[in-house]
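Text of final07.txt, listed as compact mmCIF, C-alpha atoms:
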```
# COMPACT_ATOMS: atom_id res chain seq x y z
CA MET A 224 114.51 -58.73 45.31
CA THR A 225 112.02 -55.97 44.48
CA GLU A 226 111.13 -53.28 47.01
CA HIS A 227 107.51 -54.47 47.03
CA LEU A 228 108.59 -58.03 47.86
CA LYS A 229 110.89 -56.82 50.65
CA ILE A 230 107.96 -55.03 52.31
CA LEU A 231 105.56 -57.93 51.75
CA LEU A 232 107.94 -60.37 53.41
CA GLN A 233 108.06 -58.15 56.49
CA TYR A 234 104.29 -58.46 56.86
CA LEU A 235 104.43 -62.25 56.42
CA LEU A 236 107.45 -63.21 58.51
CA PRO A 237 107.11 -63.99 62.27
CA LYS A 238 109.30 -61.00 63.13
CA HIS A 239 109.33 -61.43 66.93
CA LEU A 240 110.28 -65.10 66.68
CA VAL A 241 113.04 -64.45 64.14
CA SER A 242 114.39 -61.51 66.16
CA ARG A 243 114.48 -63.43 69.44
CA LEU A 244 116.19 -66.45 67.85
CA ILE A 245 118.85 -64.22 66.34
CA GLY A 246 119.12 -62.47 69.70
CA ARG A 247 120.05 -65.77 71.33
CA LEU A 248 122.67 -66.37 68.67
CA ALA A 249 124.09 -62.86 69.17
CA ALA A 250 124.36 -63.47 72.92
CA LYS A 251 126.23 -66.77 72.52
CA GLU A 252 129.72 -66.68 74.01
CA GLY A 253 132.71 -68.83 73.16
CA GLY A 254 133.51 -70.97 70.20
CA ARG A 255 134.34 -70.01 66.64
CA LEU A 256 130.85 -68.89 65.59
CA PRO A 257 130.75 -65.51 67.43
CA GLN A 258 134.20 -64.58 66.08
CA TRP A 259 133.21 -65.57 62.55
CA LEU A 260 130.05 -63.44 62.77
CA ILE A 261 131.96 -60.43 64.12
CA GLU A 262 134.68 -60.61 61.48
CA ARG A 263 132.16 -61.07 58.66
CA PHE A 264 130.07 -58.14 59.94
CA ILE A 265 133.11 -55.83 60.10
CA ARG A 266 133.98 -56.65 56.48
CA GLN A 267 130.40 -56.44 55.23
CA TYR A 268 129.66 -53.03 56.76
CA ASN A 269 133.19 -51.56 56.79
CA VAL A 270 133.12 -50.94 60.55
CA ASP A 271 135.85 -48.59 61.78
CA MET A 272 137.39 -50.55 64.64
CA SER A 273 140.13 -47.96 65.19
CA GLU A 274 137.60 -45.95 67.26
CA ALA A 275 136.78 -48.83 69.60
CA VAL A 276 138.37 -49.34 73.02
CA HIS A 277 139.10 -52.89 71.88
CA GLU A 278 140.17 -52.81 68.24
CA ASN A 279 140.81 -56.55 67.97
CA PRO A 280 137.59 -58.52 67.20
CA ALA A 281 138.97 -61.41 69.24
CA ASN A 282 138.50 -59.34 72.42
CA TYR A 283 134.69 -59.62 72.18
CA PRO A 284 133.19 -62.77 73.74
CA SER A 285 129.91 -62.43 71.83
CA PHE A 286 128.42 -60.60 68.88
CA ASN A 287 126.37 -58.47 71.29
CA ALA A 288 129.53 -57.40 73.12
CA PHE A 289 131.00 -56.30 69.79
CA PHE A 290 127.83 -54.58 68.62
CA THR A 291 127.53 -52.49 71.80
CA ARG A 292 131.27 -51.81 71.87
CA ALA A 293 132.55 -48.78 73.76
CA LEU A 294 134.54 -46.12 71.95
CA LYS A 295 137.84 -44.59 73.00
CA PRO A 296 137.41 -41.66 75.42
CA ASN A 297 138.13 -38.94 72.85
CA ALA A 298 136.42 -40.56 69.87
CA ARG A 299 133.23 -38.52 70.39
CA PRO A 300 133.91 -35.21 72.15
CA ILE A 301 130.77 -33.67 73.64
CA ILE A 302 129.99 -30.09 72.59
CA GLU A 303 130.76 -28.04 75.68
CA ASP A 304 128.60 -24.93 75.25
CA GLU A 305 125.80 -25.16 77.84
CA GLN A 306 123.21 -23.70 75.45
CA THR A 307 123.99 -26.20 72.69
CA LEU A 308 122.37 -29.63 72.47
CA ALA A 309 124.59 -32.65 71.79
CA MET A 310 123.70 -35.17 69.08
CA PRO A 311 122.50 -38.30 70.94
CA VAL A 312 123.68 -40.97 68.47
CA ASP A 313 125.75 -41.82 65.44
CA GLY A 314 123.50 -42.38 62.45
CA ALA A 315 121.62 -40.32 59.88
CA ILE A 316 118.71 -37.92 60.07
CA SER A 317 115.48 -39.56 58.95
CA GLN A 318 113.21 -36.54 59.57
CA LEU A 319 113.42 -33.31 61.54
CA ALA A 320 110.56 -30.80 61.77
CA PRO A 321 107.91 -29.23 64.04
CA ILE A 322 105.17 -31.44 65.49
CA MET A 323 102.14 -30.14 63.60
CA GLN A 324 98.60 -30.81 64.90
CA GLY A 325 100.00 -33.65 66.99
CA ARG A 326 101.53 -35.42 63.99
CA ILE A 327 105.14 -36.41 63.31
CA ILE A 328 106.50 -36.78 59.78
CA GLN A 329 107.72 -40.30 59.05
CA ALA A 330 108.55 -39.98 55.34
CA LYS A 331 107.09 -38.32 52.29
CA GLY A 332 103.37 -39.04 52.36
CA HIS A 333 103.44 -40.63 55.81
CA ASP A 334 102.98 -39.24 59.32
CA TYR A 335 101.85 -40.60 62.68
CA SER A 336 100.50 -39.51 66.04
CA ALA A 337 102.94 -38.20 68.67
CA ARG A 338 100.50 -39.36 71.32
CA ALA A 339 100.51 -42.90 69.90
CA LEU A 340 104.31 -42.89 69.77
CA LEU A 341 104.46 -42.11 73.50
CA GLY A 342 102.06 -44.90 74.40
CA GLY A 343 98.66 -43.22 74.04
CA ASP A 344 98.60 -41.13 77.25
CA LYS A 345 97.13 -37.73 76.35
CA ALA A 346 98.53 -35.96 79.42
CA LEU A 347 102.02 -37.37 78.84
CA ALA A 348 102.00 -36.25 75.20
CA ALA A 349 100.49 -32.79 75.81
CA PRO A 350 103.77 -30.96 76.63
CA PHE A 351 105.18 -31.92 73.22
CA MET A 352 102.25 -30.75 71.08
CA GLY A 353 103.51 -27.96 68.83
CA GLY A 354 107.12 -28.73 69.72
CA ASP A 355 109.91 -30.16 67.59
CA PHE A 356 111.13 -33.65 66.80
CA ALA A 357 114.09 -35.37 65.21
CA THR A 358 114.21 -38.99 64.05
CA ILE A 359 117.67 -40.53 63.72
CA TYR A 360 118.30 -43.89 62.05
CA LEU A 361 121.22 -46.04 63.20
CA ALA A 362 122.72 -48.18 60.44
CA PRO A 363 124.43 -51.53 61.22
CA LYS A 364 127.93 -50.01 61.09
CA ASP A 365 127.14 -47.26 63.59
CA TYR A 366 128.03 -46.93 67.28
CA HIS A 367 124.91 -48.18 69.07
CA ARG A 368 124.91 -46.47 72.44
CA ILE A 369 122.49 -43.59 73.03
CA HIS A 370 123.60 -40.48 74.94
CA MET A 371 121.86 -37.48 76.48
CA PRO A 372 121.56 -34.36 74.29
CA ILE A 373 121.19 -32.25 77.43
CA ALA A 374 121.42 -32.73 81.20
CA GLY A 375 118.22 -34.18 82.58
CA VAL A 376 116.38 -36.05 85.32
CA LEU A 377 114.39 -39.14 84.39
CA LYS A 378 110.69 -38.67 85.02
CA THR A 379 108.97 -41.64 83.32
CA MET A 380 109.82 -44.77 81.37
CA ILE A 381 107.21 -46.62 79.32
CA TYR A 382 107.48 -49.95 77.53
CA VAL A 383 105.11 -50.06 74.55
CA PRO A 384 104.60 -53.49 72.91
CA GLY A 385 104.34 -53.61 69.17
CA ASP A 386 105.55 -55.01 65.89
CA LEU A 387 109.14 -55.36 64.73
CA PHE A 388 109.25 -54.02 61.20
CA SER A 389 112.59 -52.91 59.86
CA VAL A 390 113.16 -49.17 60.34
CA ASN A 391 115.38 -48.57 57.31
CA PRO A 392 114.48 -45.76 54.88
CA LEU A 393 112.69 -48.11 52.48
CA THR A 394 110.36 -49.43 55.17
CA ALA A 395 109.78 -45.94 56.60
CA SER A 396 108.59 -44.85 53.16
CA ARG A 397 106.19 -47.80 52.76
CA VAL A 398 104.80 -48.93 56.14
CA PRO A 399 102.20 -46.54 57.64
CA GLU A 400 102.80 -45.27 61.20
CA LEU A 401 105.94 -47.38 61.45
CA PHE A 402 107.46 -45.83 64.58
CA ALA A 403 104.13 -45.76 66.42
CA ARG A 404 103.48 -49.44 65.72
CA ASN A 405 106.89 -50.98 66.48
CA GLU A 406 107.92 -52.09 69.96
CA ARG A 407 109.62 -49.23 71.80
CA VAL A 408 110.87 -47.78 75.07
CA VAL A 409 109.77 -44.20 75.85
CA CYS A 410 111.92 -42.13 78.22
CA ILE A 411 110.70 -38.74 79.49
CA PHE A 412 113.17 -36.34 81.09
CA ASP A 413 112.94 -32.98 82.84
CA THR A 414 115.68 -30.68 81.54
CA ILE A 415 116.66 -27.01 81.71
CA ALA A 416 114.99 -26.67 78.29
CA GLY A 417 111.77 -28.26 79.54
CA PRO A 418 110.44 -31.77 78.97
CA MET A 419 112.31 -34.00 76.52
CA SER A 420 111.49 -37.49 75.29
CA LEU A 421 113.89 -40.02 73.82
CA VAL A 422 112.01 -42.92 72.21
CA LEU A 423 114.08 -46.03 71.50
CA VAL A 424 112.32 -47.87 68.67
CA GLY A 425 112.81 -51.59 68.17
CA ALA A 426 113.05 -53.25 64.76
CA THR A 427 113.49 -56.58 63.01
CA ILE A 428 116.51 -58.41 64.42
CA VAL A 429 116.82 -55.94 67.34
CA ALA A 430 117.32 -58.47 70.09
CA SER A 431 117.34 -56.08 73.01
CA ILE A 432 116.73 -52.49 74.13
CA GLU A 433 118.48 -51.48 77.34
CA THR A 434 118.66 -48.44 79.58
CA VAL A 435 121.47 -47.77 82.03
CA TRP A 436 119.07 -47.51 85.00
CA ALA A 437 116.81 -50.52 84.28
CA GLY A 438 119.05 -52.85 82.29
CA THR A 439 117.29 -54.92 79.64
CA VAL A 440 113.74 -53.62 79.15
CA THR A 441 112.94 -55.96 76.27
CA PRO A 442 113.05 -58.91 75.76
CA PRO A 443 110.97 -60.52 76.96
CA ALA A 444 108.35 -58.76 74.87
CA GLY A 445 105.13 -57.95 76.69
CA LYS A 446 101.56 -57.66 75.50
CA ARG A 447 100.60 -54.61 77.52
CA ILE A 448 101.99 -51.15 78.11
CA GLN A 449 104.11 -50.87 81.26
CA ARG A 450 104.98 -47.60 82.96
CA TRP A 451 107.49 -46.60 85.63
CA ASP A 452 107.37 -43.15 87.26
CA TYR A 453 110.37 -41.86 89.20
CA GLU A 454 110.38 -39.54 92.21
CA PRO A 455 112.55 -36.43 91.69
CA GLU A 456 114.58 -37.08 94.82
CA THR A 457 115.69 -40.56 93.75
CA ALA A 458 115.35 -40.45 89.94
CA PRO A 459 118.41 -41.15 87.77
CA ARG A 460 120.23 -37.95 86.79
CA PHE A 461 122.35 -37.43 83.71
CA ALA A 462 124.82 -34.87 82.45
CA LYS A 463 124.89 -33.91 78.79
CA GLY A 464 126.66 -36.67 76.89
CA ASP A 465 126.07 -39.40 79.47
CA GLU A 466 125.07 -42.79 78.09
CA MET A 467 121.38 -43.52 78.73
CA GLY A 468 120.75 -46.68 76.70
CA ARG A 469 121.80 -48.99 73.90
CA PHE A 470 120.50 -51.20 71.11
CA LYS A 471 121.64 -54.75 70.54
CA LEU A 472 121.30 -54.66 66.75
CA GLY A 473 120.47 -51.21 65.52
CA SER A 474 117.34 -49.18 65.24
CA THR A 475 116.00 -45.63 65.53
CA VAL A 476 115.75 -42.88 68.14
CA VAL A 477 112.98 -40.27 68.07
CA CYS A 478 113.69 -37.10 70.07
CA LEU A 479 110.79 -34.83 71.10
CA PHE A 480 111.04 -31.33 72.58
CA ALA A 481 108.44 -28.93 73.98
CA PRO A 482 107.26 -25.86 72.01
CA ASN A 483 109.79 -23.00 71.77
CA SER A 484 112.27 -24.86 73.97
CA VAL A 485 114.95 -25.57 71.37
CA THR A 486 115.95 -24.56 67.86
CA LEU A 487 117.02 -27.47 65.67
CA PRO A 488 119.14 -26.71 62.57
CA GLU A 489 117.18 -26.44 59.32
CA ASP A 490 120.11 -27.89 57.37
CA LEU A 491 119.74 -31.29 59.06
CA LEU A 492 117.91 -32.75 56.07
CA PRO A 493 116.94 -36.43 55.64
CA GLY A 494 120.07 -38.46 55.05
CA THR A 495 122.43 -36.06 56.84
CA PRO A 496 125.01 -38.11 58.81
CA THR A 497 125.05 -37.56 62.57
CA ARG A 498 127.91 -37.97 65.03
CA MET A 499 127.25 -38.40 68.72
CA GLY A 500 128.36 -35.40 70.77
CA SER A 501 128.38 -32.86 67.92
CA ALA A 502 126.10 -29.79 67.90
CA PHE A 503 122.40 -30.61 67.63
CA GLY A 504 120.70 -27.23 67.90
CA HIS A 505 120.38 -24.68 70.67
CA ILE A 506 118.38 -24.20 73.85
CA ASN A 507 116.15 -21.17 73.56
CA GLN A 508 116.40 -18.51 76.23
CA HIS A 509 113.29 -18.21 78.43
```
Once more with this new file: its structure as structure tokens, please.
Amino acid sequence: MTEHLKILLQYLLPKHLVSRLIGRLAAKEGGRLPQWLIERFIRQYNVDMSEAVHENPANYPSFNAFFTRALKPNARPIIEDEQTLAMPVDGAISQLAPIMQGRIIQAKGHDYSARALLGGDKALAAPFMGGDFATIYLAPKDYHRIHMPIAGVLKTMIYVPGDLFSVNPLTASRVPELFARNERVVCIFDTIAGPMSLVLVGATIVASIETVWAGTVTPPAGKRIQRWDYEPETAPRFAKGDEMGRFKLGSTVVCLFAPNSVTLPEDLLPGTPTRMGSAFGHINQH
């Protein structure tokens, strides 16, 4: 299939319907089908089950349970230095750069609005203008839980309805404003480095986006933006490395930081593999 046809089909297919139907299949428990899907997936994508708490595929009652599998306690050590950020996910760098004139690089020849990514609220987006961002793509074989790069207190969560294009490198290079048009969950944290946003972007076949404090945020998919603000006294608090969310069938995380708050490594070029818990830049001294 040509690249052009792959993109065209994404525009034509009923992506939400397909994704939700597959989501139901992935959630199915019992019977031979879930085990067959898990075993086939492991072979197809060469998944390293030696890192998982449960190495035997038969221990997972559903495909979703397998896909969001926990890793052994020492499989992903968290960088201990307090001034060093921890990588939030396994995956690969898609883009990493400053946010210039309110725009985020998507791929060569494509960028999109940081304000649109965060749901369109100018005041919410303002602290990140002129800051830095990193976009990390999670491939099917990767560990699909998202962890905190730095200790933080949850300030705001926003559900933004949208499309469900694939977020693989091919689609990112062809579909304009991909990450600002797909369904997503925006999480804003207060940290010792200043405000930080982790945006969990949905994609084709992504049946669910969850956070540890709210459970399943989508599905069901909504048609309007929803926002939850948290009082500092009762807001969820996280240490560096704590799990904050997960994808059921993989996608992309976009991390945003305020101006001059962090220094992200220049050698994290597109395609660079990432490993959750490893060094992900440094907090700047204020």
Sorted by chain and rising residue number, which residues of region 293-375 of chain A lie within 10 Å of region 494-508 of chain A, and what are their closest atom pairs and distances in Å to one decimal, counting all atoms listed in the file, as JSON lines?
```
{"residue": "A:Ala298", "atom": "CA", "partner": "A:Met499", "partner_atom": "CA", "distance": 9.5}
{"residue": "A:Arg299", "atom": "CA", "partner": "A:Gly500", "partner_atom": "CA", "distance": 5.8}
{"residue": "A:Pro300", "atom": "CA", "partner": "A:Gly500", "partner_atom": "CA", "distance": 5.7}
{"residue": "A:Ile301", "atom": "CA", "partner": "A:Gly500", "partner_atom": "CA", "distance": 4.1}
{"residue": "A:Ile302", "atom": "CA", "partner": "A:Ser501", "partner_atom": "CA", "distance": 5.7}
{"residue": "A:Glu303", "atom": "CA", "partner": "A:Gly500", "partner_atom": "CA", "distance": 9.2}
{"residue": "A:Asp304", "atom": "CA", "partner": "A:Ala502", "partner_atom": "CA", "distance": 9.2}
{"residue": "A:Glu305", "atom": "CA", "partner": "A:Ile506", "partner_atom": "CA", "distance": 8.5}
{"residue": "A:Gln306", "atom": "CA", "partner": "A:Ile506", "partner_atom": "CA", "distance": 5.1}
{"residue": "A:Thr307", "atom": "CA", "partner": "A:His505", "partner_atom": "CA", "distance": 4.4}
{"residue": "A:Leu308", "atom": "CA", "partner": "A:Phe503", "partner_atom": "CA", "distance": 4.9}
{"residue": "A:Ala309", "atom": "CA", "partner": "A:Gly500", "partner_atom": "CA", "distance": 4.8}
{"residue": "A:Met310", "atom": "CA", "partner": "A:Met499", "partner_atom": "CA", "distance": 4.8}
{"residue": "A:Pro311", "atom": "CA", "partner": "A:Met499", "partner_atom": "CA", "distance": 5.2}
{"residue": "A:Val312", "atom": "CA", "partner": "A:Met499", "partner_atom": "CA", "distance": 4.4}
{"residue": "A:Asp313", "atom": "CA", "partner": "A:Arg498", "partner_atom": "CA", "distance": 4.4}
{"residue": "A:Gly314", "atom": "CA", "partner": "A:Thr497", "partner_atom": "CA", "distance": 5.1}
{"residue": "A:Ala315", "atom": "CA", "partner": "A:Pro496", "partner_atom": "CA", "distance": 4.2}
{"residue": "A:Ile316", "atom": "CA", "partner": "A:Gly494", "partner_atom": "CA", "distance": 5.2}
{"residue": "A:Ser317", "atom": "CA", "partner": "A:Gly494", "partner_atom": "CA", "distance": 6.1}
{"residue": "A:Gln318", "atom": "CA", "partner": "A:Gly494", "partner_atom": "CA", "distance": 8.4}
{"residue": "A:Ala357", "atom": "CA", "partner": "A:Phe503", "partner_atom": "CA", "distance": 9.9}
{"residue": "A:Ile359", "atom": "CA", "partner": "A:Thr497", "partner_atom": "CA", "distance": 8.0}
{"residue": "A:Tyr360", "atom": "CA", "partner": "A:Gly494", "partner_atom": "CA", "distance": 9.0}
{"residue": "A:Leu361", "atom": "CA", "partner": "A:Thr497", "partner_atom": "CA", "distance": 9.3}
{"residue": "A:Asp365", "atom": "CA", "partner": "A:Arg498", "partner_atom": "CA", "distance": 9.4}
{"residue": "A:Tyr366", "atom": "CA", "partner": "A:Met499", "partner_atom": "CA", "distance": 8.7}
{"residue": "A:Arg368", "atom": "CA", "partner": "A:Met499", "partner_atom": "CA", "distance": 9.2}
{"residue": "A:Ile369", "atom": "CA", "partner": "A:Met499", "partner_atom": "CA", "distance": 8.3}
{"residue": "A:His370", "atom": "CA", "partner": "A:Met499", "partner_atom": "CA", "distance": 7.5}
{"residue": "A:Met371", "atom": "CA", "partner": "A:Gly500", "partner_atom": "CA", "distance": 8.9}
{"residue": "A:Pro372", "atom": "CA", "partner": "A:Phe503", "partner_atom": "CA", "distance": 7.7}
{"residue": "A:Ile373", "atom": "CA", "partner": "A:Ile506", "partner_atom": "CA", "distance": 9.2}
```
Counting only C-alpha atoms, which residues of region 412-445 of chain A sit at most 7 Å from some atom of region 477-481 of chain A, and what is each one's closest atom pair with its distance in Å to one decimal, listed by chain and rising residue number, as a tab-separated table?
```
residue	atom	partner	partner_atom	distance
A:Gly417	CA	A:Ala481	CA	6.5
A:Pro418	CA	A:Ala481	CA	6.1
A:Met419	CA	A:Phe480	CA	4.9
A:Ser420	CA	A:Leu479	CA	5.0
A:Leu421	CA	A:Cys478	CA	4.8
A:Val422	CA	A:Val477	CA	5.0
A:Leu423	CA	A:Val477	CA	6.8
```
query = For Tyr268 (chain A), which residue among A:Arg292, A:Lys364, A:Thr358, A:Pro284 is the nearest when counting all atoms listed in the file?
reply =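 Nearest candidate to Tyr268 (chain A) out of A:Arg292, A:Lys364, A:Thr358, A:Pro284: A:Lys364.
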ask   = Out of A:Ala281, A:Arg263, A:Asn483, A:Leu472, which residue has the shortest atom-to-atom distance to Phe351 (chain A) when counting all atoms listed in the file?
value = A:Asn483
task = Would you mind reading off the distance between CA of Lys295 (chain A) and CA of Ile415 (chain A), one decimal, in Å?
result =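 So the answer is 28.9 Å.
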task = Compile the contact shell of Asn391 (chain A) as an MDAnalysis selection string: residues with an atom at most 9 Å away, counting all atoms listed in the file, same-chain residues fewer than 4 positions apart removed.
result = chainID A and resid 360:362 395:396 474:475
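One finds CA of Pro296 (chain A) at 29.5 Å from CA of Thr379 (chain A).
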inquiry  = Is it possible to get the residues within 9 Å of (136.7, -48.1, 69.9) (coordinates as in the file, counting only C-alpha atoms) written as number ranges by chain?
reply    = A: 271-278, 292-296, 298
query = Which polymer residues, protein or nucleic acid, are no farther than 6 Å from (120.3, -36.0, 86.7), counting only C-alpha atoms, as JSON, numbers by chain?
reply = {"A": [375, 376, 459, 460, 461]}
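For the pair CA of Pro363 (chain A) and CA of Gln258 (chain A), the separation is 17.0 Å.
Proximity ranking of A:Ala349, A:Val424, A:Ala374, A:Leu401 relative to Tyr335 (chain A) places A:Leu401 first, based on all atoms listed in the file.
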message = I'd like to know which of A:Leu340, A:Ala250, A:Ala437, A:Val476 is closest to Val383 (chain A), using all atoms listed in the file.
response = A:Leu340
request  = Please provide the set of residues having any atom within 9 Å of Asn405 (chain A), restricted to only C-alpha atoms, with same-chain residues fewer than 5 positions apart removed, written as a PyMOL selection string.
outcome  = chain A and resi 383-390+400+424-426
task = Could you tell me which of A:Val270, A:Ala416, A:Val408, A:Ile327 comes closest to Ile448 (chain A) if we count only C-alpha atoms?
result = A:Val408
request  = Rank A:Arg397, A:Lys471, A:Lys378, A:Phe402 by their smallest atom-to-atom distance to Tyr453 (chain A), using only C-alpha atoms, and report the top residue only.
outcome  =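 Looking only at the distances to Tyr453 (chain A), the closest residue turns out to be A:Lys378.
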